[in-house]
>>> print(open('query_4.tsv').read())   # TSV, C-alpha atoms and all ligand atoms
chain	number	residue	atom	x	y	z
A	1	MET	CA	-9.01	-8.83	15.78
A	2	ASN	CA	-12.34	-7.93	14.21
A	3	SER	CA	-14.39	-10.47	12.31
A	4	THR	CA	-13.94	-8.88	8.88
A	5	VAL	CA	-10.15	-9.05	8.86
A	6	THR	CA	-8.61	-11.42	6.37
A	7	PRO	CA	-5.23	-12.28	7.91
A	8	LEU	CA	-3.33	-13.30	4.79
A	9	HIS	CA	-0.13	-11.64	5.89
A	10	ARG	CA	1.96	-13.35	8.50
A	11	SER	CA	5.30	-11.92	9.49
A	12	GLY	CA	7.58	-14.28	11.37
A	13	ALA	CA	9.01	-13.56	14.79
A	14	THR	CA	11.49	-10.70	14.48
A	15	PRO	CA	14.21	-9.91	16.99
A	16	THR	CA	13.66	-6.17	16.45
A	17	PRO	CA	10.39	-4.37	17.22
A	18	ASP	CA	7.87	-3.81	14.44
A	19	ALA	CA	8.38	-0.64	12.44
A	20	ILE	CA	4.68	0.07	12.97
A	21	SER	CA	2.47	-1.58	15.54
A	22	LEU	CA	-1.23	-0.73	15.91
A	23	ASP	CA	-3.38	-2.67	18.36
A	24	GLY	CA	-7.12	-2.12	18.69
A	25	VAL	CA	-6.84	1.48	17.53
A	26	THR	CA	-10.01	3.58	17.32
A	27	LYS	CA	-10.65	7.24	16.56
A	28	SER	CA	-13.91	9.16	16.24
A	29	PHE	CA	-14.75	12.73	15.29
A	30	GLY	CA	-18.09	13.36	17.02
A	31	ASP	CA	-20.50	10.84	15.51
A	32	VAL	CA	-18.06	9.78	12.77
A	33	HIS	CA	-16.22	6.57	13.67
A	34	ALA	CA	-13.27	7.14	11.36
A	35	VAL	CA	-11.15	4.22	12.66
A	36	ARG	CA	-12.97	1.30	14.23
A	37	GLY	CA	-10.45	-1.14	15.64
A	38	ILE	CA	-7.34	-1.44	13.49
A	39	ASP	CA	-4.61	-4.02	14.23
A	40	LEU	CA	-1.61	-3.62	11.95
A	41	HIS	CA	1.97	-4.81	12.30
A	42	VAL	CA	4.55	-3.75	9.75
A	43	ALA	CA	7.99	-5.37	9.89
A	44	PRO	CA	11.14	-3.33	9.19
A	45	GLY	CA	11.89	-3.21	5.46
A	46	GLU	CA	8.32	-3.81	4.27
A	47	VAL	CA	6.74	-1.54	1.66
A	48	VAL	CA	3.05	-1.37	2.53
A	49	ALA	CA	0.23	0.28	0.57
A	50	PHE	CA	-2.73	1.51	2.54
A	51	LEU	CA	-5.56	1.31	0.06
A	52	GLY	CA	-9.19	2.26	0.48
A	53	PRO	CA	-12.03	4.38	-0.86
A	54	ASN	CA	-12.64	8.00	0.19
A	55	GLY	CA	-13.35	8.32	3.89
A	56	ALA	CA	-12.09	4.81	4.72
A	57	GLY	CA	-9.87	6.12	7.53
A	58	LYS	CA	-6.44	6.08	5.88
A	59	THR	CA	-5.39	9.63	6.75
A	60	THR	CA	-6.80	9.36	10.27
A	61	THR	CA	-4.69	6.23	10.82
A	62	ILE	CA	-1.57	7.80	9.30
A	63	ASP	CA	-2.00	10.90	11.48
A	64	MET	CA	-1.92	8.66	14.56
A	65	ILE	CA	1.21	6.86	13.31
A	66	THR	CA	2.97	10.19	12.74
A	67	GLY	CA	1.90	11.50	16.15
A	68	LEU	CA	-0.30	14.26	14.72
A	69	SER	CA	-3.28	12.90	16.64
A	70	GLN	CA	-3.93	10.45	19.46
A	71	PRO	CA	-6.15	7.35	19.31
A	72	ASP	CA	-9.31	7.29	21.46
A	73	ALA	CA	-8.42	3.71	22.37
A	74	GLY	CA	-5.74	1.17	21.54
A	75	ARG	CA	-2.00	1.46	21.18
A	76	VAL	CA	0.24	2.96	18.48
A	77	GLU	CA	3.97	2.25	18.50
A	78	VAL	CA	6.72	3.02	16.02
A	79	PHE	CA	9.90	0.98	16.46
A	80	GLY	CA	8.71	0.04	19.94
A	81	MET	CA	8.14	3.60	21.15
A	82	GLY	CA	5.53	6.35	20.93
A	83	PRO	CA	5.32	8.09	17.52
A	84	ARG	CA	6.59	11.43	18.85
A	85	ALA	CA	9.64	9.85	20.44
A	86	ALA	CA	10.37	8.04	17.15
A	87	ILE	CA	10.09	11.30	15.19
A	88	GLU	CA	12.36	13.13	17.67
A	89	ARG	CA	15.01	10.44	17.13
A	90	GLY	CA	14.80	10.93	13.35
A	91	LEU	CA	13.44	7.40	12.87
A	92	VAL	CA	10.33	8.54	10.98
A	93	ALA	CA	9.68	11.11	8.29
A	94	ALA	CA	6.50	11.92	6.40
A	95	VAL	CA	6.06	13.18	2.85
A	96	MET	CA	3.07	15.49	2.89
A	97	GLN	CA	0.86	16.19	-0.10
A	98	THR	CA	1.10	19.98	0.13
A	99	GLY	CA	2.85	22.74	2.09
A	100	GLY	CA	6.26	22.74	3.72
A	101	LEU	CA	8.09	24.42	0.81
A	102	LEU	CA	9.40	28.00	0.50
A	103	LYS	CA	9.00	29.17	-3.10
A	104	ASP	CA	11.96	31.58	-3.06
A	105	LEU	CA	14.55	28.96	-2.12
A	106	THR	CA	16.26	26.67	-4.58
A	107	VAL	CA	15.87	22.91	-4.38
A	108	GLY	CA	19.36	22.55	-2.87
A	109	GLU	CA	18.81	25.35	-0.34
A	110	THR	CA	15.58	23.69	0.77
A	111	VAL	CA	17.42	20.47	1.58
A	112	ASP	CA	20.13	22.46	3.43
A	113	LEU	CA	17.47	24.24	5.49
A	114	THR	CA	15.90	20.92	6.46
A	115	ALA	CA	19.35	19.54	7.37
A	116	SER	CA	19.90	22.46	9.75
A	117	LEU	CA	17.09	21.06	11.93
A	118	PHE	CA	18.86	17.75	12.61
A	119	ALA	CA	22.05	16.87	14.45
A	120	GLN	CA	22.97	14.05	12.08
A	121	THR	CA	22.15	14.20	8.39
A	122	ARG	CA	22.84	12.71	4.99
A	123	SER	CA	24.62	14.99	2.52
A	124	ARG	CA	22.61	17.31	0.29
A	125	GLN	CA	23.94	15.54	-2.80
A	126	GLU	CA	22.96	12.08	-1.58
A	127	CYS	CA	19.40	13.17	-0.71
A	128	LEU	CA	18.96	14.90	-4.07
A	129	GLU	CA	20.37	11.92	-5.94
A	130	ARG	CA	18.18	9.41	-4.14
A	131	ALA	CA	15.13	11.55	-4.87
A	132	GLY	CA	16.19	11.83	-8.53
A	133	ILE	CA	16.47	15.64	-8.55
A	134	ALA	CA	20.24	16.25	-8.36
A	135	ASP	CA	20.09	17.88	-11.79
A	136	ILE	CA	17.73	20.63	-10.61
A	137	ALA	CA	19.53	21.58	-7.37
A	138	ASP	CA	19.78	25.24	-8.45
A	139	ARG	CA	16.17	25.57	-9.60
A	140	LEU	CA	13.81	27.77	-7.60
A	141	VAL	CA	11.04	25.82	-5.86
A	142	ALA	CA	8.52	28.16	-7.53
A	143	LYS	CA	9.71	26.90	-10.94
A	144	CYS	CA	9.42	23.18	-10.08
A	145	SER	CA	6.56	21.06	-11.38
A	146	GLY	CA	4.20	19.35	-8.95
A	147	GLY	CA	6.08	16.08	-9.42
A	148	GLN	CA	9.47	17.74	-8.82
A	149	GLN	CA	8.11	19.40	-5.66
A	150	GLN	CA	6.97	16.01	-4.40
A	151	ARG	CA	10.41	14.54	-5.07
A	152	LEU	CA	11.86	17.51	-3.18
A	153	ARG	CA	9.61	16.67	-0.22
A	154	PHE	CA	10.92	13.14	-0.50
A	155	ALA	CA	14.54	14.46	-0.51
A	156	MET	CA	13.70	16.46	2.64
A	157	ALA	CA	12.30	13.32	4.26
A	158	LEU	CA	15.58	11.52	3.47
A	159	VAL	CA	17.74	14.11	5.27
A	160	SER	CA	17.59	12.38	8.67
A	161	ASP	CA	17.94	8.97	6.95
A	162	PRO	CA	14.75	7.74	8.67
A	163	ALA	CA	14.09	4.02	9.04
A	164	LEU	CA	10.41	4.62	8.18
A	165	ILE	CA	8.91	6.93	5.56
A	166	ILE	CA	5.19	7.60	5.50
A	167	LEU	CA	3.48	9.06	2.46
A	168	ASP	CA	-0.17	10.11	2.42
A	169	GLU	CA	-1.44	10.05	-1.16
A	170	PRO	CA	1.84	11.50	-2.40
A	171	THR	CA	1.03	11.58	-6.11
A	172	THR	CA	-2.43	13.15	-6.08
A	173	GLY	CA	-2.70	15.58	-8.98
A	174	MET	CA	0.50	14.42	-10.72
A	175	ASP	CA	0.51	13.37	-14.35
A	176	VAL	CA	1.49	9.85	-15.37
A	177	THR	CA	5.16	10.70	-15.98
A	178	GLY	CA	5.45	12.57	-12.69
A	179	ARG	CA	3.95	9.63	-10.82
A	180	ARG	CA	6.22	7.15	-12.51
A	181	ASP	CA	9.37	9.20	-11.79
A	182	PHE	CA	8.30	9.76	-8.20
A	183	TRP	CA	7.66	6.07	-7.57
A	184	SER	CA	10.86	4.91	-9.22
A	185	ALA	CA	12.78	7.15	-6.77
A	186	ILE	CA	10.84	5.76	-3.80
A	187	HIS	CA	11.16	2.20	-5.07
A	188	ALA	CA	14.94	2.40	-5.61
A	189	ASP	CA	15.36	3.84	-2.12
A	190	ALA	CA	13.09	1.22	-0.49
A	191	GLN	CA	15.19	-1.57	-1.98
A	192	ARG	CA	17.96	-0.51	0.39
A	193	GLY	CA	15.79	-1.68	3.29
A	194	ARG	CA	13.81	1.37	4.34
A	195	THR	CA	10.27	0.73	5.62
A	196	VAL	CA	7.61	2.56	3.61
A	197	LEU	CA	3.90	2.99	4.30
A	198	PHE	CA	1.89	4.88	1.71
A	199	ALA	CA	-1.78	5.69	1.30
A	200	THR	CA	-3.06	5.78	-2.23
A	201	HIS	CA	-6.18	5.84	-4.36
A	202	TYR	CA	-4.25	4.49	-7.32
A	203	LEU	CA	-4.61	0.74	-7.42
A	204	GLU	CA	-1.80	0.28	-9.88
A	205	GLU	CA	0.60	2.07	-7.50
A	206	ALA	CA	-0.26	-0.40	-4.76
A	207	ASP	CA	0.06	-3.28	-7.20
A	208	GLN	CA	3.40	-2.17	-8.64
A	209	TYR	CA	5.25	-0.76	-5.66
A	210	ALA	CA	4.04	-2.46	-2.48
A	211	ASP	CA	5.15	-5.80	-1.00
A	212	ARG	CA	1.93	-5.82	0.90
A	213	VAL	CA	-1.48	-4.22	0.41
A	214	VAL	CA	-3.70	-3.38	3.37
A	215	LEU	CA	-7.25	-2.68	2.28
A	216	VAL	CA	-9.35	-0.45	4.54
A	217	ARG	CA	-13.08	0.07	4.53
A	218	HIS	CA	-15.24	1.97	7.02
A	219	GLY	CA	-12.31	2.32	9.45
A	220	GLN	CA	-11.44	-1.38	9.46
A	221	ILE	CA	-8.94	-3.59	7.64
A	222	VAL	CA	-10.83	-5.90	5.29
A	223	ALA	CA	-7.88	-7.60	3.60
A	224	ASP	CA	-4.14	-7.76	4.16
A	225	GLY	CA	-1.71	-9.56	1.90
A	226	THR	CA	0.34	-9.31	-1.28
A	227	ALA	CA	-1.41	-7.74	-4.26
A	228	SER	CA	-1.77	-11.18	-5.86
A	229	GLU	CA	-3.19	-12.71	-2.67
A	230	ILE	CA	-5.80	-9.98	-2.54
A	231	LYS	CA	-6.66	-10.36	-6.18
A	232	ALA	CA	-7.06	-14.10	-5.70
A	233	LEU	CA	-9.12	-13.59	-2.55
A	234	ALA	CA	-11.73	-11.43	-4.22
A	235	SER	CA	-11.90	-12.75	-7.68
A	236	GLY	CA	-10.23	-16.14	-7.71
A	237	ARG	CA	-8.00	-17.30	-10.51
A	238	VAL	CA	-8.61	-17.81	-14.17
A	239	VAL	CA	-7.26	-21.06	-15.62
A	240	LYS	CA	-7.12	-21.40	-19.40
A	241	ALA	CA	-6.35	-24.69	-21.12
A	242	THR	CA	-6.47	-26.20	-24.57
A	243	LEU	CA	-8.80	-29.17	-24.36
A	244	PRO	CA	-10.34	-30.55	-27.58
A	245	GLU	CA	-13.89	-31.91	-27.40
A	246	ALA	CA	-14.52	-30.45	-23.97
A	247	ASN	CA	-17.76	-31.35	-22.23
A	248	THR	CA	-19.01	-28.34	-20.26
A	249	ALA	CA	-21.17	-30.39	-17.88
A	250	VAL	CA	-18.29	-32.72	-16.98
A	251	LEU	CA	-15.85	-29.85	-16.50
A	252	SER	CA	-18.33	-27.89	-14.34
A	253	ALA	CA	-18.50	-30.86	-11.96
A	254	ILE	CA	-14.75	-30.72	-11.16
A	255	PRO	CA	-14.44	-29.77	-7.47
A	256	GLY	CA	-13.57	-26.09	-6.96
A	257	VAL	CA	-14.65	-24.98	-10.44
A	258	GLU	CA	-16.89	-21.92	-10.30
A	259	SER	CA	-17.37	-21.22	-14.00
A	260	VAL	CA	-16.57	-22.82	-17.34
A	261	ASP	CA	-16.44	-21.13	-20.74
A	262	VAL	CA	-15.70	-23.25	-23.83
A	263	ARG	CA	-14.60	-21.53	-27.08
A	264	GLY	CA	-13.44	-23.99	-29.71
A	265	ASP	CA	-10.59	-25.96	-28.18
A	266	VAL	CA	-9.91	-23.40	-25.46
A	267	VAL	CA	-11.60	-23.72	-22.05
A	268	THR	CA	-11.56	-20.91	-19.49
A	269	PHE	CA	-12.27	-21.80	-15.86
A	270	GLY	CA	-12.97	-19.57	-12.90
A	271	THR	CA	-11.74	-21.09	-9.62
A	272	LYS	CA	-10.47	-20.25	-6.16
A	273	ASP	CA	-8.06	-23.22	-6.20
A	274	SER	CA	-6.10	-23.02	-9.42
A	275	ASP	CA	-3.41	-25.46	-8.19
A	276	ALA	CA	-5.93	-28.27	-7.58
A	277	LEU	CA	-7.67	-27.59	-10.88
A	278	ALA	CA	-4.38	-27.57	-12.83
A	279	ARG	CA	-3.35	-30.84	-11.18
A	280	HIS	CA	-6.71	-32.41	-12.07
A	281	LEU	CA	-6.58	-31.24	-15.69
A	282	LEU	CA	-3.04	-32.45	-16.25
A	283	THR	CA	-3.53	-35.86	-14.64
A	284	ASN	CA	-7.12	-36.76	-15.53
A	285	THR	CA	-7.72	-35.09	-18.90
A	286	THR	CA	-5.86	-34.42	-22.15
A	287	ALA	CA	-5.66	-30.68	-21.40
A	288	TYR	CA	-2.39	-28.90	-22.30
A	289	ASP	CA	-0.98	-25.36	-22.62
A	290	LEU	CA	-2.29	-24.28	-19.20
A	291	GLU	CA	-2.26	-20.59	-18.30
A	292	ILE	CA	-3.11	-19.33	-14.79
A	293	THR	CA	-3.77	-15.63	-14.15
A	294	SER	CA	-5.22	-13.44	-11.40
A	295	GLN	CA	-7.98	-10.98	-12.01
A	296	GLY	CA	-7.00	-7.33	-11.64
A	297	LEU	CA	-6.57	-5.58	-8.31
A	298	GLU	CA	-9.29	-3.18	-9.37
A	299	ALA	CA	-11.84	-6.03	-9.41
A	300	ALA	CA	-10.63	-7.09	-5.95
A	301	PHE	CA	-10.79	-3.53	-4.67
A	302	ILE	CA	-14.37	-3.09	-5.83
A	303	ALA	CA	-15.42	-6.49	-4.47
A	304	LEU	CA	-13.68	-6.07	-1.11
A	305	THR	CA	-14.69	-2.49	-0.43
A	306	GLY	CA	-18.25	-2.82	-1.74
A	307	ASP	CA	-21.03	-2.61	0.82
A	308	ASP	CA	-22.10	-6.22	0.29
A	309	PHE	CA	-18.68	-7.56	1.28
A	310	GLU	CA	-18.70	-9.19	4.70
A	311	GLY	CA	-15.12	-10.36	4.90
A	312	ALA	CA	-13.54	-13.52	3.55
A	313	SER	CA	-11.99	-16.51	5.17
A	314	ALA	CA	-8.28	-17.17	4.63
B	1	LIG	N1	-10.95	16.41	11.64
B	1	LIG	C1	-12.05	15.76	11.32
B	1	LIG	N2	-13.27	16.14	11.78
B	1	LIG	C2	-14.38	15.45	11.46
B	1	LIG	N3	-14.41	14.35	10.67
B	1	LIG	C3	-13.24	13.92	10.18
B	1	LIG	C4	-12.00	14.60	10.48
B	1	LIG	N4	-11.00	13.92	9.85
B	1	LIG	C5	-11.59	12.90	9.21
B	1	LIG	N5	-12.92	12.89	9.40
B	1	LIG	C6	-13.87	11.89	8.87
B	1	LIG	O1	-13.38	10.62	9.20
B	1	LIG	C7	-13.60	9.70	8.11
B	1	LIG	C8	-12.28	9.11	7.67
B	1	LIG	O2	-11.52	10.14	7.02
B	1	LIG	P1	-10.05	9.94	6.49
B	1	LIG	O3	-9.58	11.27	5.99
B	1	LIG	O4	-9.24	9.26	7.50
B	1	LIG	O5	-10.28	8.96	5.26
B	1	LIG	P2	-9.33	8.61	4.05
B	1	LIG	O6	-9.41	7.13	3.88
B	1	LIG	O7	-8.00	9.21	4.23
B	1	LIG	O8	-10.11	9.31	2.85
B	1	LIG	P3	-9.56	10.03	1.53
B	1	LIG	O9	-9.09	8.92	0.65
B	1	LIG	O10	-10.78	10.70	0.98
B	1	LIG	O11	-8.48	10.98	1.92
B	1	LIG	C9	-14.34	10.49	7.04
B	1	LIG	O12	-15.72	10.25	7.20
B	1	LIG	C10	-13.99	11.92	7.35
B	1	LIG	O13	-14.99	12.79	6.91
>>> encode(input="query_4.tsv", output="structure tokens")
Amino acid sequence: MNSTVTPLHRSGATPTPDAISLDGVTKSFGDVHAVRGIDLHVAPGEVVAFLGPNGAGKTTTIDMITGLSQPDAGRVEVFGMGPRAAIERGLVAAVMQTGGLLKDLTVGETVDLTASLFAQTRSRQECLERAGIADIADRLVAKCSGGQQQRLRFAMALVSDPALIILDEPTTGMDVTGRRDFWSAIHADAQRGRTVLFATHYLEEADQYADRVVLVRHGQIVADGTASEIKALASGRVVKATLPEANTAVLSAIPGVESVDVRGDVVTFGTKDSDALARHLLTNTTAYDLEITSQGLEAAFIALTGDDFEGASA
């Protein structure tokens, strides 16, 4: 494990193999070290967001998981086997950002065509329903909006009923409504236990739809945990309390307090240990009406992917 990894996520021992297992994976293109030692283990049923700035190495990593390219070093396994073997068994499907659609077919015909490639498939109706496009089965692909085409790609990915779905920036270019409809279809489907890994630039998508957020920078994982763990890691917690006649100097001296702002009777603290601070305030002062919040994921993203970030200790 490299020194900048923040191992917040710990999955317990599972009797089945990991859905995705990357160990010491590297990949370079000439002088560009796109992936520089990634260790990642995703348990079956997890919904994981792969988040990072442009050029962080997300697509390069995803291409190795989907068998489109090979690592220079390290090991990639999907359900305990090589990615190509997993794809051949229908265990994995990818939703691509573009391509793969024939404009002259209808939505329903497109799903039928995909189904003809597999021995065992889900019904057309079920795939369309799960993707939220059953009502446009007779519409020509050429007449579908960008968001509807993405949901059609999702329906195609569902045909083999894969245990793992991988999506590389699936909502790029979609409007807000299209993104919301697309994600509610993915989210409803994932709740049935499917494993999902998606790369995104949209922080709110990671925050809203992922159980776990893996933050990548310069080809390495810099943080790995729930969205709230990552927010807390980068920016700490904000604790607000009503405390009449507060003394800033006294409050600043409480262990773990990083900042104090007094406005009338309301005191706002910045801290990395909100539990200890809350306990102290409630037992040793007259503070009441406590409110504990995390800073936004955006602040964490900027802090953790900025060039001055050197990793954080768990
Ligand atoms: N086929 C290639 N040939 C040369 N360089 C490449 C190739 N593919 C990726 N790279 C480089 O590797 C680095 C990682 O790229 P990658 O596409 O994996 O990042 P990303 O996190 O997916 O970025 P984005 O969010 O912009 O899609 C970048 O510097 C990119 O220019």
>>> closest_residue(input="query_4.tsv", among="A:Thr200, A:Gln149, A:Thr114, A:Thr66", to="ligand LIG 1 (chain B)", atoms="only C-alpha atoms and all ligand atoms")
A:Thr200
>>> closest_residue(input="query_4.tsv", among="A:Ile133, A:Ala185, A:Leu167, A:Leu277", to="ligand LIG 1 (chain B)", atoms="only C-alpha atoms and all ligand atoms")
A:Leu167
>>> closest_atom_pairs(input="query_4.tsv", of="chain A", to="ligand LIG 1 (chain B)", cutoff="12 Å", atoms="all atoms listed in the file", output="CSV")
residue,atom,partner,partner_atom,distance
A:Thr26,CA,B:LIG1,O1,11.3
A:Lys27,CA,B:LIG1,O1,8.5
A:Ser28,CA,B:LIG1,O1,7.2
A:Phe29,CA,B:LIG1,C2,4.7
A:Gly30,CA,B:LIG1,C2,7.0
A:Asp31,CA,B:LIG1,N3,8.5
A:Val32,CA,B:LIG1,O1,5.9
A:His33,CA,B:LIG1,O1,6.7
A:Ala34,CA,B:LIG1,O1,4.1
A:Val35,CA,B:LIG1,C8,7.1
A:Arg36,CA,B:LIG1,C8,10.2
A:Phe50,CA,B:LIG1,O6,8.8
A:Leu51,CA,B:LIG1,O6,8.0
A:Gly52,CA,B:LIG1,O6,5.9
A:Pro53,CA,B:LIG1,O9,5.6
A:Asn54,CA,B:LIG1,O10,3.4
A:Gly55,CA,B:LIG1,O5,3.4
A:Ala56,CA,B:LIG1,O6,3.6
A:Gly57,CA,B:LIG1,O4,3.2
A:Lys58,CA,B:LIG1,O6,3.7
A:Thr59,CA,B:LIG1,O7,3.7
A:Thr60,CA,B:LIG1,O4,3.7
A:Thr61,CA,B:LIG1,O4,6.4
A:Ile62,CA,B:LIG1,O4,8.0
A:Asp63,CA,B:LIG1,O4,8.4
A:Met64,CA,B:LIG1,O4,10.2
A:Leu68,CA,B:LIG1,N1,11.3
A:Ser69,CA,B:LIG1,N1,9.8
A:Gln97,CA,B:LIG1,O11,10.9
A:Leu167,CA,B:LIG1,O7,11.6
A:Asp168,CA,B:LIG1,O7,8.1
A:Glu169,CA,B:LIG1,O11,7.7
A:Pro170,CA,B:LIG1,O11,11.2
A:Thr172,CA,B:LIG1,O11,10.3
A:Phe198,CA,B:LIG1,O7,11.1
A:Ala199,CA,B:LIG1,O7,7.7
A:Thr200,CA,B:LIG1,O9,7.4
A:His201,CA,B:LIG1,O9,6.6
A:Tyr202,CA,B:LIG1,O9,10.3
A:Val214,CA,B:LIG1,O6,12.0
A:Leu215,CA,B:LIG1,O6,10.2
A:Val216,CA,B:LIG1,O6,7.6
A:Arg217,CA,B:LIG1,O6,8.0
A:His218,CA,B:LIG1,C8,7.8
A:Gly219,CA,B:LIG1,C8,7.0
A:Gln220,CA,B:LIG1,O6,10.4
A:Ile221,CA,B:LIG1,O6,11.4
A:Thr305,CA,B:LIG1,O6,11.8
>>> atom_distance(input="query_4.tsv", atom1="CA of Val76 (chain A)", atom2="CA of Gly37 (chain A)")
11.8 Å
>>> closest_residue(input="query_4.tsv", among="A:Glu77, A:Glu126, A:Val159, A:Gly236", to="Leu22 (chain A)", atoms="all atoms listed in the file")
A:Glu77
>>> closest_residue(input="query_4.tsv", among="A:Glu229, A:Asp18, A:Glu291, A:Asp265", to="Gly80 (chain A)", atoms="all atoms listed in the file")
A:Asp18
>>> closest_atom_pairs(input="query_4.tsv", of="region 151-182 of chain A", to="region 136-146 of chain A", cutoff="8 Å", atoms="only C-alpha atoms", output="JSON lines")
{"residue": "A:Gly173", "atom": "CA", "partner": "A:Gly146", "partner_atom": "CA", "distance": 7.9}
{"residue": "A:Met174", "atom": "CA", "partner": "A:Gly146", "partner_atom": "CA", "distance": 6.4}
{"residue": "A:Gly178", "atom": "CA", "partner": "A:Gly146", "partner_atom": "CA", "distance": 7.8}
>>> write_last_selection(input="query_4.tsv", atoms="C-alpha atoms", output="short mmCIF file (atom, residue, chain, number, x, y, z; two decimals), in the coordinates of the input")
data_model
loop_
_atom_site.label_atom_id
_atom_site.label_comp_id
_atom_site.auth_asym_id
_atom_site.auth_seq_id
_atom_site.Cartn_x
_atom_site.Cartn_y
_atom_site.Cartn_z
CA GLY A 173 -2.70 15.58 -8.98
CA MET A 174 0.50 14.42 -10.72
CA GLY A 178 5.45 12.57 -12.69
#
>>> atom_distance(input="query_4.tsv", atom1="CA of Ser274 (chain A)", atom2="CA of Val238 (chain A)")
7.5 Å
>>> atom_distance(input="query_4.tsv", atom1="CA of Gly256 (chain A)", atom2="CA of Ala276 (chain A)")
8.0 Å
>>> residues_around(input="query_4.tsv", residues="Ala246 (chain A)", least_positions_apart="4", cutoff="12 Å", atoms="all atoms listed in the file", output="number ranges by chain")
A: 241-242, 250-252, 260-268, 281, 285-287
>>> closest_residue(input="query_4.tsv", among="A:Asn284, A:Thr226, A:Ser259, A:Gln148", to="Lys240 (chain A)", atoms="only C-alpha atoms")
A:Ser259
>>> closest_residue(input="query_4.tsv", among="A:Ile165, A:Ala86, A:Ile65, A:Val42", to="Arg194 (chain A)", atoms="all atoms listed in the file")
A:Ile165
>>> build_atoms(input="query_4.tsv", residues="region 279-296 of chain A", atoms="N, CA and C atoms", output="mmCIF file, keeping the file's coordinate frame")
data_model
loop_
_atom_site.group_PDB
_atom_site.id
_atom_site.type_symbol
_atom_site.label_atom_id
_atom_site.label_comp_id
_atom_site.auth_asym_id
_atom_site.auth_seq_id
_atom_site.Cartn_x
_atom_site.Cartn_y
_atom_site.Cartn_z
ATOM 1 N N ARG A 279 -3.779 -29.464 -11.429
ATOM 2 C CA ARG A 279 -3.350 -30.840 -11.180
ATOM 3 C C ARG A 279 -4.376 -31.816 -11.789
ATOM 4 N N HIS A 280 -5.653 -31.538 -11.543
ATOM 5 C CA HIS A 280 -6.710 -32.410 -12.070
ATOM 6 C C HIS A 280 -6.673 -32.452 -13.598
ATOM 7 N N LEU A 281 -6.562 -31.288 -14.222
ATOM 8 C CA LEU A 281 -6.580 -31.240 -15.690
ATOM 9 C C LEU A 281 -5.409 -31.984 -16.301
ATOM 10 N N LEU A 282 -4.243 -31.829 -15.670
ATOM 11 C CA LEU A 282 -3.040 -32.450 -16.250
ATOM 12 C C LEU A 282 -2.981 -33.951 -16.010
ATOM 13 N N THR A 283 -3.606 -34.418 -14.913
ATOM 14 C CA THR A 283 -3.530 -35.860 -14.640
ATOM 15 C C THR A 283 -4.735 -36.636 -15.161
ATOM 16 N N ASN A 284 -5.917 -36.006 -15.181
ATOM 17 C CA ASN A 284 -7.120 -36.760 -15.530
ATOM 18 C C ASN A 284 -7.718 -36.426 -16.888
ATOM 19 N N THR A 285 -7.174 -35.426 -17.573
ATOM 20 C CA THR A 285 -7.720 -35.090 -18.900
ATOM 21 C C THR A 285 -6.561 -34.919 -19.883
ATOM 22 N N THR A 286 -6.907 -34.623 -21.126
ATOM 23 C CA THR A 286 -5.860 -34.420 -22.150
ATOM 24 C C THR A 286 -5.506 -32.938 -22.290
ATOM 25 N N ALA A 287 -5.902 -32.132 -21.310
ATOM 26 C CA ALA A 287 -5.660 -30.680 -21.400
ATOM 27 C C ALA A 287 -4.160 -30.390 -21.463
ATOM 28 N N TYR A 288 -3.787 -29.337 -22.248
ATOM 29 C CA TYR A 288 -2.390 -28.900 -22.300
ATOM 30 C C TYR A 288 -2.360 -27.388 -22.473
ATOM 31 N N ASP A 289 -1.142 -26.811 -22.434
ATOM 32 C CA ASP A 289 -0.980 -25.360 -22.620
ATOM 33 C C ASP A 289 -1.720 -24.564 -21.542
ATOM 34 N N LEU A 290 -1.557 -24.954 -20.282
ATOM 35 C CA LEU A 290 -2.290 -24.280 -19.200
ATOM 36 C C LEU A 290 -1.731 -22.883 -18.930
ATOM 37 N N GLU A 291 -2.638 -21.968 -18.602
ATOM 38 C CA GLU A 291 -2.260 -20.590 -18.300
ATOM 39 C C GLU A 291 -3.072 -20.164 -17.074
ATOM 40 N N ILE A 292 -2.385 -19.731 -16.017
ATOM 41 C CA ILE A 292 -3.110 -19.330 -14.790
ATOM 42 C C ILE A 292 -2.864 -17.851 -14.540
ATOM 43 N N THR A 293 -3.935 -17.066 -14.403
ATOM 44 C CA THR A 293 -3.770 -15.630 -14.150
ATOM 45 C C THR A 293 -4.714 -15.183 -13.028
ATOM 46 N N SER A 294 -4.333 -14.055 -12.399
ATOM 47 C CA SER A 294 -5.220 -13.440 -11.400
ATOM 48 C C SER A 294 -6.069 -12.404 -12.101
ATOM 49 N N GLN A 295 -7.214 -12.119 -11.523
ATOM 50 C CA GLN A 295 -7.980 -10.980 -12.010
ATOM 51 C C GLN A 295 -7.298 -9.721 -11.501
ATOM 52 N N GLY A 296 -7.651 -8.574 -12.027
ATOM 53 C CA GLY A 296 -7.000 -7.330 -11.640
ATOM 54 C C GLY A 296 -7.289 -6.921 -10.198
#
